[in-house]
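Reproduced below: protein.cif, with mmCIF, C-alpha atoms.
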```cif
data_my_file
loop_
_atom_site.label_atom_id
_atom_site.label_comp_id
_atom_site.auth_asym_id
_atom_site.auth_seq_id
_atom_site.Cartn_x
_atom_site.Cartn_y
_atom_site.Cartn_z
CA MET R 940 65.69 142.79 31.45
CA HIS R 941 67.05 141.87 34.87
CA ILE R 942 64.58 141.42 37.74
CA ALA R 943 65.39 141.17 41.44
CA ILE R 944 63.15 138.64 43.20
CA ASP R 945 62.69 138.97 46.95
CA CYS R 946 63.01 135.51 48.50
CA THR R 947 63.76 136.64 52.05
CA PHE R 948 60.33 135.45 53.21
CA PHE R 949 61.23 131.76 52.86
CA GLY R 950 61.07 130.15 56.30
CA HIS R 951 64.17 129.57 58.40
CA GLU R 952 62.97 126.04 59.18
CA GLU R 953 62.54 125.41 55.45
CA ALA R 954 66.12 126.47 54.76
CA ARG R 955 67.50 124.51 57.70
CA ALA R 956 65.60 121.32 56.85
CA LYS R 957 65.96 121.91 53.08
CA LYS R 958 62.26 121.21 52.71
CA LEU R 959 59.50 123.59 51.69
CA SER R 960 56.45 123.64 53.94
CA LEU R 961 54.81 127.07 53.49
CA SER R 962 52.26 127.67 50.74
CA THR R 963 53.92 130.94 49.69
CA SER R 964 57.25 129.14 49.30
CA PHE R 965 55.64 126.40 47.20
CA PHE R 966 54.04 129.07 45.00
CA THR R 967 57.32 130.90 44.43
CA ALA R 968 59.28 127.69 43.84
CA ASP R 969 56.77 126.53 41.23
CA ILE R 970 57.13 129.78 39.26
CA LEU R 971 60.93 129.77 39.59
CA ASP R 972 61.03 126.19 38.31
CA ALA R 973 58.79 127.18 35.41
CA PHE R 974 61.14 130.05 34.48
CA VAL R 975 63.96 127.49 34.34
CA ARG R 976 61.99 125.17 32.06
CA LEU R 977 61.21 128.15 29.81
CA GLY R 978 64.90 129.07 29.66
CA LEU R 979 64.33 132.41 31.40
CA SER R 980 66.25 132.06 34.67
CA ASP R 981 69.11 134.31 33.48
CA ASN R 982 66.66 137.25 33.67
CA PHE R 983 66.47 137.01 37.45
CA THR R 984 68.54 137.27 40.61
CA LEU R 985 67.18 135.86 43.87
CA PHE R 986 67.64 138.02 46.95
CA ILE R 987 68.05 135.75 49.96
CA ASN R 988 68.84 135.79 53.67
CA TYR R 989 72.46 135.27 54.71
CA ASN R 990 71.61 132.05 56.55
CA HIS R 991 69.67 130.54 53.61
CA GLU R 992 72.52 130.46 51.09
CA GLU R 993 73.22 126.73 51.21
CA PHE R 994 69.57 125.86 50.71
CA PHE R 995 69.09 128.17 47.72
CA LYS R 996 72.30 127.02 46.02
CA SER R 997 71.02 123.45 46.28
CA ARG R 998 67.35 124.05 45.44
CA PHE R 999 67.75 126.72 42.72
CA PRO R 1000 71.19 126.18 41.16
CA GLN R 1001 70.20 127.84 37.86
CA TYR R 1002 69.76 131.27 39.45
CA LYS R 1003 72.16 134.03 40.38
CA LEU R 1004 71.94 134.79 44.08
CA GLN R 1005 72.34 138.05 45.94
CA VAL R 1006 73.02 137.11 49.54
CA LEU R 1007 71.96 139.83 51.96
CA ARG R 1008 74.35 139.89 54.87
CA SER R 1009 75.57 142.16 57.62
CA LEU R 1010 78.59 141.34 59.79
CA PRO R 1011 76.85 142.13 63.10
CA LEU R 1012 73.92 139.88 62.13
CA THR R 1013 76.09 136.97 61.03
CA LEU R 1014 78.18 137.24 64.21
CA ALA R 1015 75.07 137.29 66.40
CA TYR R 1016 73.70 134.31 64.46
CA ARG R 1017 76.85 132.29 65.09
CA LEU R 1018 77.27 133.31 68.72
CA THR R 1019 73.70 132.29 69.55
CA GLY R 1020 73.90 129.00 67.66
CA GLY R 1021 71.32 130.21 65.14
CA ARG R 1022 68.75 131.37 67.70
CA PHE R 1023 69.13 135.02 66.71
CA LYS R 1024 68.44 135.53 63.02
CA GLY R 1025 67.45 139.18 62.80
CA THR R 1026 66.82 139.00 59.07
CA LYS R 1027 64.17 141.70 59.30
CA TYR R 1028 67.03 144.14 59.80
CA LEU R 1029 68.36 143.33 56.33
CA LYS R 1030 65.45 145.38 55.08
CA LYS R 1031 65.08 147.83 57.95
CA LEU R 1032 68.75 148.86 57.70
CA GLY R 1033 68.48 149.48 53.97
CA ILE R 1034 70.65 146.56 52.85
CA PHE R 1035 67.96 145.21 50.51
CA LYS R 1036 67.34 148.64 49.02
CA ARG R 1037 71.03 149.27 48.31
CA LYS R 1038 71.61 145.84 46.78
CA THR R 1039 68.71 146.18 44.31
CA ALA R 1040 70.22 149.28 42.71
CA GLY R 1041 70.96 148.67 39.03
CA PHE R 1042 68.15 146.19 38.44
CA ASP R 1043 65.25 146.93 36.09
CA ALA R 1044 62.50 145.99 38.55
CA VAL R 1045 61.83 144.05 41.74
CA TRP R 1046 59.24 141.38 42.39
CA PHE R 1047 57.85 140.62 45.82
CA PRO R 1048 56.19 137.16 45.37
CA TYR R 1049 54.82 137.32 48.90
CA CYS R 1050 54.03 140.95 49.57
CA VAL R 1051 52.80 141.94 53.01
CA ASP R 1052 53.59 144.78 55.39
CA TYR R 1053 56.87 143.32 56.66
CA THR R 1054 58.23 141.99 53.35
CA PHE R 1055 57.76 145.06 51.15
CA VAL R 1056 60.54 147.61 50.74
CA LYS R 1057 60.04 150.85 48.86
CA THR R 1058 62.85 151.32 46.33
CA SER R 1059 63.38 153.53 43.29
CA LEU R 1060 62.68 150.53 41.06
CA PRO R 1061 59.36 149.61 39.49
CA SER R 1062 57.82 146.94 41.72
CA LEU R 1063 55.41 144.08 41.31
CA CYS R 1064 53.71 143.14 44.56
CA THR R 1065 51.93 139.77 44.60
CA VAL R 1066 49.31 139.68 47.35
CA HIS R 1067 48.00 136.28 48.44
CA ASP R 1068 45.48 137.62 50.92
CA ILE R 1069 44.97 140.58 53.26
CA TYR R 1070 43.99 138.54 56.30
CA PRO R 1071 46.53 140.48 58.44
CA VAL R 1072 44.88 143.79 57.45
CA HIS R 1073 41.53 142.61 58.80
CA ARG R 1074 43.18 141.61 62.07
CA ASN R 1075 45.82 144.31 62.56
CA GLY R 1076 44.97 147.30 60.37
CA LYS R 1077 46.46 148.92 57.27
CA GLU R 1078 49.75 150.20 58.66
CA GLY R 1079 52.63 149.09 56.42
CA TRP R 1080 50.37 148.33 53.44
CA SER R 1081 50.92 151.61 51.58
CA PHE R 1082 52.06 149.70 48.47
CA ILE R 1083 48.40 148.80 47.88
CA THR R 1084 47.51 152.40 47.07
CA ASP R 1085 50.91 153.42 45.64
CA LYS R 1086 50.36 153.53 41.89
CA SER R 1087 54.10 153.13 41.26
CA CYS R 1088 53.72 149.57 42.57
CA ALA R 1089 52.01 147.11 40.23
CA LEU R 1090 49.75 144.63 42.00
CA SER R 1091 48.85 141.04 41.26
CA THR R 1092 46.70 138.68 43.29
CA VAL R 1093 46.31 134.90 43.32
CA SER R 1094 42.51 135.00 43.26
CA ASN R 1095 39.61 137.23 42.34
CA TYR R 1096 38.51 136.97 45.95
CA THR R 1097 41.71 138.64 47.14
CA LYS R 1098 41.49 141.26 44.41
CA ASP R 1099 37.91 142.14 45.36
CA ASP R 1100 38.84 142.17 49.05
CA ILE R 1101 41.67 144.63 48.37
CA VAL R 1102 39.49 146.92 46.27
CA LYS R 1103 36.77 147.01 48.92
CA THR R 1104 39.01 147.29 51.97
CA PHE R 1105 41.25 150.02 50.55
CA THR R 1106 38.43 151.72 48.56
CA LEU R 1107 40.55 151.79 45.42
CA ASP R 1108 39.49 153.95 42.49
CA GLU R 1109 38.47 152.35 39.22
CA ASP R 1110 41.83 152.85 37.50
CA ARG R 1111 43.80 151.28 40.34
CA ALA R 1112 41.32 148.42 40.69
CA SER R 1113 41.38 147.59 36.98
CA SER R 1114 45.19 147.56 36.93
CA ILE R 1115 45.39 144.64 39.37
CA LYS R 1116 46.23 141.42 37.55
CA LYS R 1117 44.92 138.11 38.79
CA ILE R 1118 47.36 135.22 38.28
CA PRO R 1119 46.46 132.13 40.33
CA ASN R 1120 48.94 129.95 42.12
CA SER R 1121 50.37 127.23 39.96
CA ILE R 1122 49.80 123.66 41.04
CA VAL R 1123 52.53 121.23 40.14
CA PHE R 1124 53.91 118.46 42.29
CA ASP R 1125 55.45 115.04 41.84
CA VAL R 1126 53.71 112.36 43.89
CA SER R 1127 55.58 109.42 42.37
CA SER R 1128 57.82 109.05 45.43
CA LYS R 1129 55.74 107.75 48.32
CA LYS R 1130 56.17 106.27 51.77
CA GLU R 1131 53.28 104.40 53.30
CA THR R 1132 51.97 105.38 56.72
CA SER R 1133 51.97 101.97 58.36
CA ALA R 1134 49.16 102.76 60.80
CA LEU R 1135 46.87 103.47 57.83
CA SER R 1136 47.91 100.58 55.63
CA GLY R 1137 44.86 98.98 54.04
CA LYS R 1138 42.49 101.40 55.81
CA LYS R 1139 39.93 103.81 54.44
CA TYR R 1140 40.52 107.35 55.68
CA ILE R 1141 39.32 110.93 55.31
CA LEU R 1142 42.14 113.46 54.95
CA ASP R 1143 42.44 117.13 55.92
CA LEU R 1144 45.78 118.55 54.77
CA ASN R 1145 45.98 121.95 56.45
CA ALA R 1146 47.75 123.78 59.26
CA PHE R 1147 46.41 123.29 62.78
CA ILE R 1148 45.25 126.88 63.13
CA GLU R 1149 41.95 128.55 63.93
CA LYS R 1150 41.13 129.84 60.45
CA LYS R 1151 41.48 126.32 59.01
CA ASN R 1152 38.56 125.28 61.26
CA PRO R 1153 39.73 121.72 62.03
CA LEU R 1154 37.52 121.34 65.11
CA THR R 1155 34.35 121.50 63.01
CA LEU R 1156 35.58 118.53 60.97
CA LEU R 1157 36.49 116.71 64.16
CA LYS R 1158 32.99 117.31 65.57
CA ALA R 1159 31.42 116.20 62.27
CA PHE R 1160 33.39 112.96 62.35
CA ASN R 1161 32.33 112.31 65.94
CA LEU R 1162 28.70 112.43 64.77
CA ILE R 1163 29.25 109.71 62.17
CA LYS R 1164 31.97 107.58 63.77
CA ASP R 1165 29.56 104.66 64.20
CA LYS R 1166 28.23 104.97 60.64
CA THR R 1167 31.51 104.57 58.77
CA ASP R 1168 34.62 102.45 59.09
CA ALA R 1169 36.78 105.27 57.76
CA ALA R 1170 39.44 106.90 59.93
CA LEU R 1171 40.07 110.65 60.04
CA VAL R 1172 43.56 112.01 59.42
CA PHE R 1173 44.72 115.59 59.96
CA CYS R 1174 48.11 116.49 58.56
CA GLY R 1175 49.85 119.87 58.75
CA GLY R 1176 53.19 121.59 59.04
CA TYR R 1177 52.27 124.44 61.36
CA LYS R 1178 50.18 124.64 64.51
CA GLU R 1179 48.72 127.04 67.03
CA GLU R 1180 49.19 125.41 70.41
CA ALA R 1181 45.68 126.35 71.60
CA VAL R 1182 44.07 124.69 68.56
CA TRP R 1183 46.31 121.62 68.87
CA LYS R 1184 45.38 121.19 72.54
CA GLU R 1185 41.67 121.72 71.88
CA MET R 1186 41.73 118.97 69.26
CA GLN R 1187 43.62 116.58 71.53
CA ASP R 1188 41.19 117.25 74.38
CA PHE R 1189 38.18 116.62 72.12
CA ILE R 1190 39.69 113.35 70.90
CA ALA R 1191 40.27 112.20 74.48
CA ARG R 1192 36.79 113.19 75.72
CA ASN R 1193 35.05 111.35 72.89
CA SER R 1194 37.25 108.24 72.84
CA LEU R 1195 38.48 108.90 69.29
CA LYS R 1196 42.12 108.01 69.82
CA ASP R 1197 41.86 104.86 67.68
CA ARG R 1198 39.93 106.62 64.90
CA VAL R 1199 41.68 109.98 64.50
CA GLN R 1200 45.32 110.76 63.76
CA LEU R 1201 47.02 114.15 64.09
CA LEU R 1202 50.14 114.09 61.94
CA PHE R 1203 52.63 116.94 62.16
CA ARG R 1204 55.42 117.72 59.67
CA VAL R 1205 55.51 114.46 57.78
CA THR R 1206 58.01 113.88 54.97
CA ASP R 1207 57.16 114.73 51.37
CA GLU R 1208 57.00 111.01 50.59
CA GLU R 1209 54.55 110.40 53.44
CA ARG R 1210 52.45 113.38 52.39
CA ASN R 1211 52.29 112.05 48.83
CA TRP R 1212 51.08 108.67 50.04
CA LEU R 1213 48.44 110.25 52.28
CA LEU R 1214 47.21 112.49 49.48
CA THR R 1215 46.94 109.80 46.82
CA ASN R 1216 45.36 107.08 48.97
CA ALA R 1217 42.62 109.00 50.77
CA ALA R 1218 39.02 107.96 50.27
CA LEU R 1219 37.92 111.57 50.67
CA PHE R 1220 39.58 114.95 51.13
CA VAL R 1221 37.84 117.52 53.34
CA THR R 1222 38.85 121.13 53.89
CA PRO R 1223 36.69 122.98 56.45
CA SER R 1224 38.76 126.17 56.09
CA LEU R 1225 37.25 129.58 56.88
CA PHE R 1226 39.82 131.69 55.04
CA GLU R 1227 42.10 131.10 52.06
CA GLY R 1228 43.78 133.59 49.79
CA PHE R 1229 43.90 130.78 47.27
CA GLY R 1230 43.34 127.25 48.60
CA ARG R 1231 46.00 124.89 47.29
CA THR R 1232 45.46 121.58 49.08
CA PRO R 1233 41.92 120.77 47.85
CA VAL R 1234 43.10 121.47 44.30
CA GLU R 1235 46.05 119.13 44.82
CA ALA R 1236 43.72 116.42 46.11
CA ALA R 1237 41.37 116.81 43.14
CA ILE R 1238 44.30 116.62 40.72
CA CYS R 1239 45.21 113.34 42.46
CA LYS R 1240 41.67 112.16 41.61
CA ILE R 1241 40.45 112.22 45.21
CA PRO R 1242 36.85 113.35 45.88
CA VAL R 1243 36.84 116.73 47.63
CA ILE R 1244 34.50 118.42 50.08
CA SER R 1245 35.16 122.08 50.74
CA THR R 1246 33.61 125.18 52.18
CA LYS R 1247 32.73 128.08 49.88
CA GLU R 1248 34.60 130.53 52.07
CA THR R 1249 36.73 133.28 50.54
CA SER R 1250 38.60 131.89 47.48
CA LEU R 1251 37.91 128.17 47.88
CA TYR R 1252 35.00 127.89 45.45
CA GLU R 1253 36.98 129.89 42.89
CA ALA R 1254 40.19 127.86 43.34
CA THR R 1255 38.39 124.52 43.00
CA MET R 1256 36.45 125.91 40.01
CA GLY R 1257 33.15 124.70 41.44
CA LEU R 1258 34.23 121.09 40.87
CA ALA R 1259 34.08 119.89 44.49
CA ARG R 1260 31.13 119.35 46.84
CA TYR R 1261 30.50 122.24 49.21
CA VAL R 1262 29.00 122.91 52.61
CA GLU R 1263 26.95 126.07 52.92
CA ASN R 1264 27.67 126.72 56.60
CA PRO R 1265 31.33 126.00 57.38
CA LYS R 1266 30.69 125.90 61.15
CA ASP R 1267 27.77 123.45 60.96
CA GLU R 1268 29.19 120.04 61.87
CA LYS R 1269 25.84 118.32 61.18
CA GLU R 1270 25.75 119.57 57.58
CA LEU R 1271 29.37 118.53 57.07
CA ALA R 1272 28.78 115.11 58.66
CA ASP R 1273 25.84 114.41 56.34
CA LEU R 1274 27.83 115.41 53.27
CA ILE R 1275 30.77 113.22 54.28
CA LEU R 1276 28.52 110.20 54.65
CA GLU R 1277 26.86 110.91 51.33
CA LYS R 1278 30.18 111.27 49.54
CA LEU R 1279 31.62 108.11 51.08
CA SER R 1280 28.49 106.16 50.10
CA HIS R 1281 28.26 107.57 46.57
CA PRO R 1282 31.79 108.38 45.35
CA ASP R 1283 32.41 110.03 42.01
CA SER R 1284 33.12 107.73 39.07
CA PRO R 1285 36.75 107.33 37.94
CA GLU R 1286 35.78 109.08 34.69
CA LYS R 1287 34.46 112.14 36.53
CA LEU R 1288 37.50 112.31 38.81
CA GLU R 1289 39.78 112.12 35.76
CA GLU R 1290 37.89 114.94 34.06
CA ILE R 1291 38.14 117.13 37.16
CA SER R 1292 41.85 116.36 37.47
CA GLN R 1293 42.58 117.35 33.87
CA THR R 1294 40.57 120.58 34.09
CA LEU R 1295 42.45 121.73 37.19
CA THR R 1296 45.84 120.60 35.86
CA ASN R 1297 45.38 122.64 32.71
CA ASN R 1298 44.12 125.70 34.58
CA TYR R 1299 47.09 125.81 36.95
CA ASN R 1300 49.85 124.98 34.49
CA PRO R 1301 52.98 126.74 35.84
CA GLU R 1302 54.54 127.57 32.47
CA ASN R 1303 51.42 129.42 31.36
CA LEU R 1304 51.33 131.37 34.61
CA ALA R 1305 55.07 132.14 34.41
CA ARG R 1306 54.49 133.64 30.97
CA GLN R 1307 51.83 135.92 32.46
CA TYR R 1308 54.35 137.15 35.02
CA MET R 1309 56.85 137.79 32.23
CA GLU R 1310 54.30 140.03 30.52
CA ILE R 1311 54.01 142.11 33.67
CA PHE R 1312 57.78 142.33 34.07
CA SER R 1313 58.14 143.47 30.48
CA SER R 1314 55.63 146.25 31.07
CA LEU R 1315 57.50 147.37 34.20
CA SER R 1316 60.95 147.51 32.72
#
```
Mind turning this structure into structure tokens?
Amino acid sequence: MHIAIDCTFFGHEEARAKKLSLSTSFFTADILDAFVRLGLSDNFTLFINYNHEEFFKSRFPQYKLQVLRSLPLTLAYRLTGGRFKGTKYLKKLGIFKRKTAGFDAVWFPYCVDYTFVKTSLPSLCTVHDIYPVHRNGKEGWSFITDKSCALSTVSNYTKDDIVKTFTLDEDRASSIKKIPNSIVFDVSSKKETSALSGKKYILDLNAFIEKKNPLTLLKAFNLIKDKTDAALVFCGGYKEEAVWKEMQDFIARNSLKDRVQLLFRVTDEERNWLLTNAALFVTPSLFEGFGRTPVEAAICKIPVISTKETSLYEATMGLARYVENPKDEKELADLILEKLSHPDSPEKLEEISQTLTNNYNPENLARQYMEIFSSLS
């Protein structure tokens, strides 16, 4: 069995900085690492962008690589100093399709309209969410209804959303396999954020984008700023400029500059310190295909408050505290104060951590993927 794995969706900034920052990249890396630990990496070849080769050789040395390149693209990349990447053409021009010939199957770990390529091979398409379908329509998503393409999702929420949105028949719906994201990370290497040293703080570890709903948390904190000595820290690796500006304006208008920090693209060591030293983790998100960060926080034995939106209740296994209305800052403010005043016992936090750790064990999930690959090839 020899499986081609599409890794062309990894971010250019990730490859350049040699640091993963996107949830889909973390997911794929966790499974690839698990295949290595299981002694299975020889079964796979990673298909990568021409300008990501150095990163993949360093990060995944156990794997064979198929570098997708085209002379016009590489020349344009060099002549523009890396500004022109044009990697979408590696698929549009048929380079990906030609290079996968001879493999037994192909896996698309992040399958959306612009990453999928129809080939003659059996395919496994892993869908994290169909948020783009709800915003932009179904064009390019034909793999959802193509019965020659096996489907897996990272949550039952996403599976149910697909079935409903695409009105799948019973046979197609029942064939979709749910395999959650694995959660594995090493937080032993840490770097203290000096401005927070010795301080109590509430942490939101999410992108600064509309669907993550950070402004509701900011408004909730403003309601209780005089009732707690805790600071509020937002930390993310991606931002929408309109959301970023709206948050900065709110902070300025309400004199929160000394109480709220907006941290952007911190190091892994700084992120680890923030995650393991928070008094409380809060995710006000409105949409998640899975919902990784609150699970990470709970595994680190940090109390978690979450919304129940989309997959978040499922991902956290009902083990967090939840707001009913994710846009109600008063409800969120009251719950934050309650949780800060009456934190969970160390024994309860340990129990939650162990339950989630066991559920998201990467080796177990990698074995489930191997079962699908075996059925394809």
Closest atom pairs, residues of stretch 1207-1297 of chain R within 8 Å of stretch 1057-1080 of chain R, only C-alpha atoms, as a Markdown table:
```
| residue | atom | partner | partner_atom | distance |
| --- | --- | --- | --- | --- |
| R:Glu1227 | CA | R:Asp1068 | CA | 7.4 |
| R:Gly1228 | CA | R:Asp1068 | CA | 4.5 |
| R:Phe1229 | CA | R:His1067 | CA | 7.0 |
```
Item to check | Pick from R:Ile1163, R:Ile1115, R:Val1093, R:Ala1217, whichever lies nearest to R:Ser1250 using all atoms listed in the file | outcome: R:Val1093
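Under the PyMOL selection byres ((chain R and resi 998-1002) around 8), the matching residues in the shown file are Val975, Ser980, Asp981, Phe983, Thr984, Leu985, Phe994, Phe995, Lys996, Ser997, Lys1003 and Leu1004 of chain R.
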Item to check | Selection under test: the PyMOL selection byres ((chain R and resi 1257-1273) around 9); residues as JSON, numbers by chain | outcome: {"R": [1152, 1155, 1156, 1157, 1158, 1159, 1160, 1161, 1162, 1163, 1223, 1224, 1225, 1233, 1237, 1242, 1243, 1244, 1245, 1246, 1247, 1248, 1251, 1252, 1253, 1254, 1255, 1256, 1274, 1275, 1276, 1277, 1278, 1291]}
Next on the checklist: So that I can see what lies close to R:Thr963, please list as a ChimeraX atom specification the residues with an atom at most 9 Å from it, counting all atoms listed in the file and leaving out residues fewer than 5 positions away in the same chain.
Outcome noted: /R:948-949,968,1048-1049,1067
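Atom to atom, atom CA of R:Val1221 and atom CA of R:Asp1165 stand 18.8 Å apart.
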Next on the checklist: Set the distance at 12 Å and use all atoms listed in the file: which residues neighbour R:Ala1191 once local chain neighbours fewer than 6 positions away are removed? I'd like the list as number ranges by chain.
Outcome noted: R: 1157, 1161, 1184-1185, 1197-1200
Produce stretch 1007-1077 of chain R of the given structure as output with C-alpha atoms, as a compact mmCIF listing (two decimals), in the first residue's frame.
```txt
# COMPACT_ATOMS: atom_id res chain seq x y z
CA LEU R 1007 5.53 19.66 -7.19
CA ARG R 1008 7.36 22.14 -9.34
CA SER R 1009 7.07 23.93 -12.65
CA LEU R 1010 9.94 25.91 -14.18
CA PRO R 1011 7.82 28.99 -14.99
CA LEU R 1012 6.51 29.07 -11.41
CA THR R 1013 9.92 28.68 -9.80
CA LEU R 1014 11.37 31.39 -12.06
CA ALA R 1015 8.53 33.77 -11.23
CA TYR R 1016 8.99 32.98 -7.53
CA ARG R 1017 12.69 33.86 -7.68
CA LEU R 1018 12.28 36.95 -9.85
CA THR R 1019 9.67 38.42 -7.50
CA GLY R 1020 11.64 37.60 -4.35
CA GLY R 1021 8.98 35.12 -3.25
CA ARG R 1022 6.01 37.47 -3.70
CA PHE R 1023 4.55 35.38 -6.53
CA LYS R 1024 3.95 31.81 -5.43
CA GLY R 1025 1.26 30.59 -7.82
CA THR R 1026 1.06 27.19 -6.18
CA LYS R 1027 -2.61 26.86 -7.11
CA TYR R 1028 -1.41 26.30 -10.66
CA LEU R 1029 0.37 23.12 -9.59
CA LYS R 1030 -3.09 21.62 -9.39
CA LYS R 1031 -4.84 23.63 -12.09
CA LEU R 1032 -2.19 22.69 -14.67
CA GLY R 1033 -2.49 19.00 -13.87
CA ILE R 1034 0.92 18.59 -12.24
CA PHE R 1035 -0.54 17.08 -9.08
CA LYS R 1036 -2.72 14.69 -11.06
CA ARG R 1037 0.18 13.44 -13.19
CA LYS R 1038 2.52 12.96 -10.24
CA THR R 1039 0.03 10.83 -8.28
CA ALA R 1040 -0.14 8.22 -11.04
CA GLY R 1041 1.04 4.83 -9.76
CA PHE R 1042 -0.08 5.33 -6.16
CA ASP R 1043 -2.78 3.18 -4.58
CA ALA R 1044 -4.83 6.09 -3.22
CA VAL R 1045 -4.64 9.77 -2.32
CA TRP R 1046 -5.55 11.47 0.94
CA PHE R 1047 -6.59 15.10 1.17
CA PRO R 1048 -6.23 15.89 4.93
CA TYR R 1049 -7.73 19.33 4.37
CA CYS R 1050 -10.29 18.95 1.63
CA VAL R 1051 -12.07 22.04 0.37
CA ASP R 1052 -12.99 23.34 -3.06
CA TYR R 1053 -9.52 24.65 -3.93
CA THR R 1054 -7.46 21.77 -2.50
CA PHE R 1055 -9.27 18.80 -4.04
CA VAL R 1056 -8.15 17.35 -7.37
CA LYS R 1057 -10.10 14.64 -9.14
CA THR R 1058 -7.76 11.80 -10.13
CA SER R 1059 -8.22 8.20 -11.23
CA LEU R 1060 -7.15 7.07 -7.75
CA PRO R 1061 -9.43 6.22 -4.86
CA SER R 1062 -9.55 9.30 -2.64
CA LEU R 1063 -10.14 10.03 1.01
CA CYS R 1064 -11.34 13.58 1.59
CA THR R 1065 -11.17 14.82 5.20
CA VAL R 1066 -13.55 17.73 5.72
CA HIS R 1067 -13.02 19.93 8.77
CA ASP R 1068 -16.04 22.14 8.17
CA ILE R 1069 -18.13 23.51 5.31
CA TYR R 1070 -18.13 27.11 6.49
CA PRO R 1071 -17.09 28.29 2.98
CA VAL R 1072 -20.11 26.52 1.45
CA HIS R 1073 -22.49 28.50 3.65
CA ARG R 1074 -20.77 31.73 2.61
CA ASN R 1075 -19.91 31.11 -1.04
CA GLY R 1076 -22.00 28.22 -2.35
CA LYS R 1077 -21.35 24.63 -3.43
```
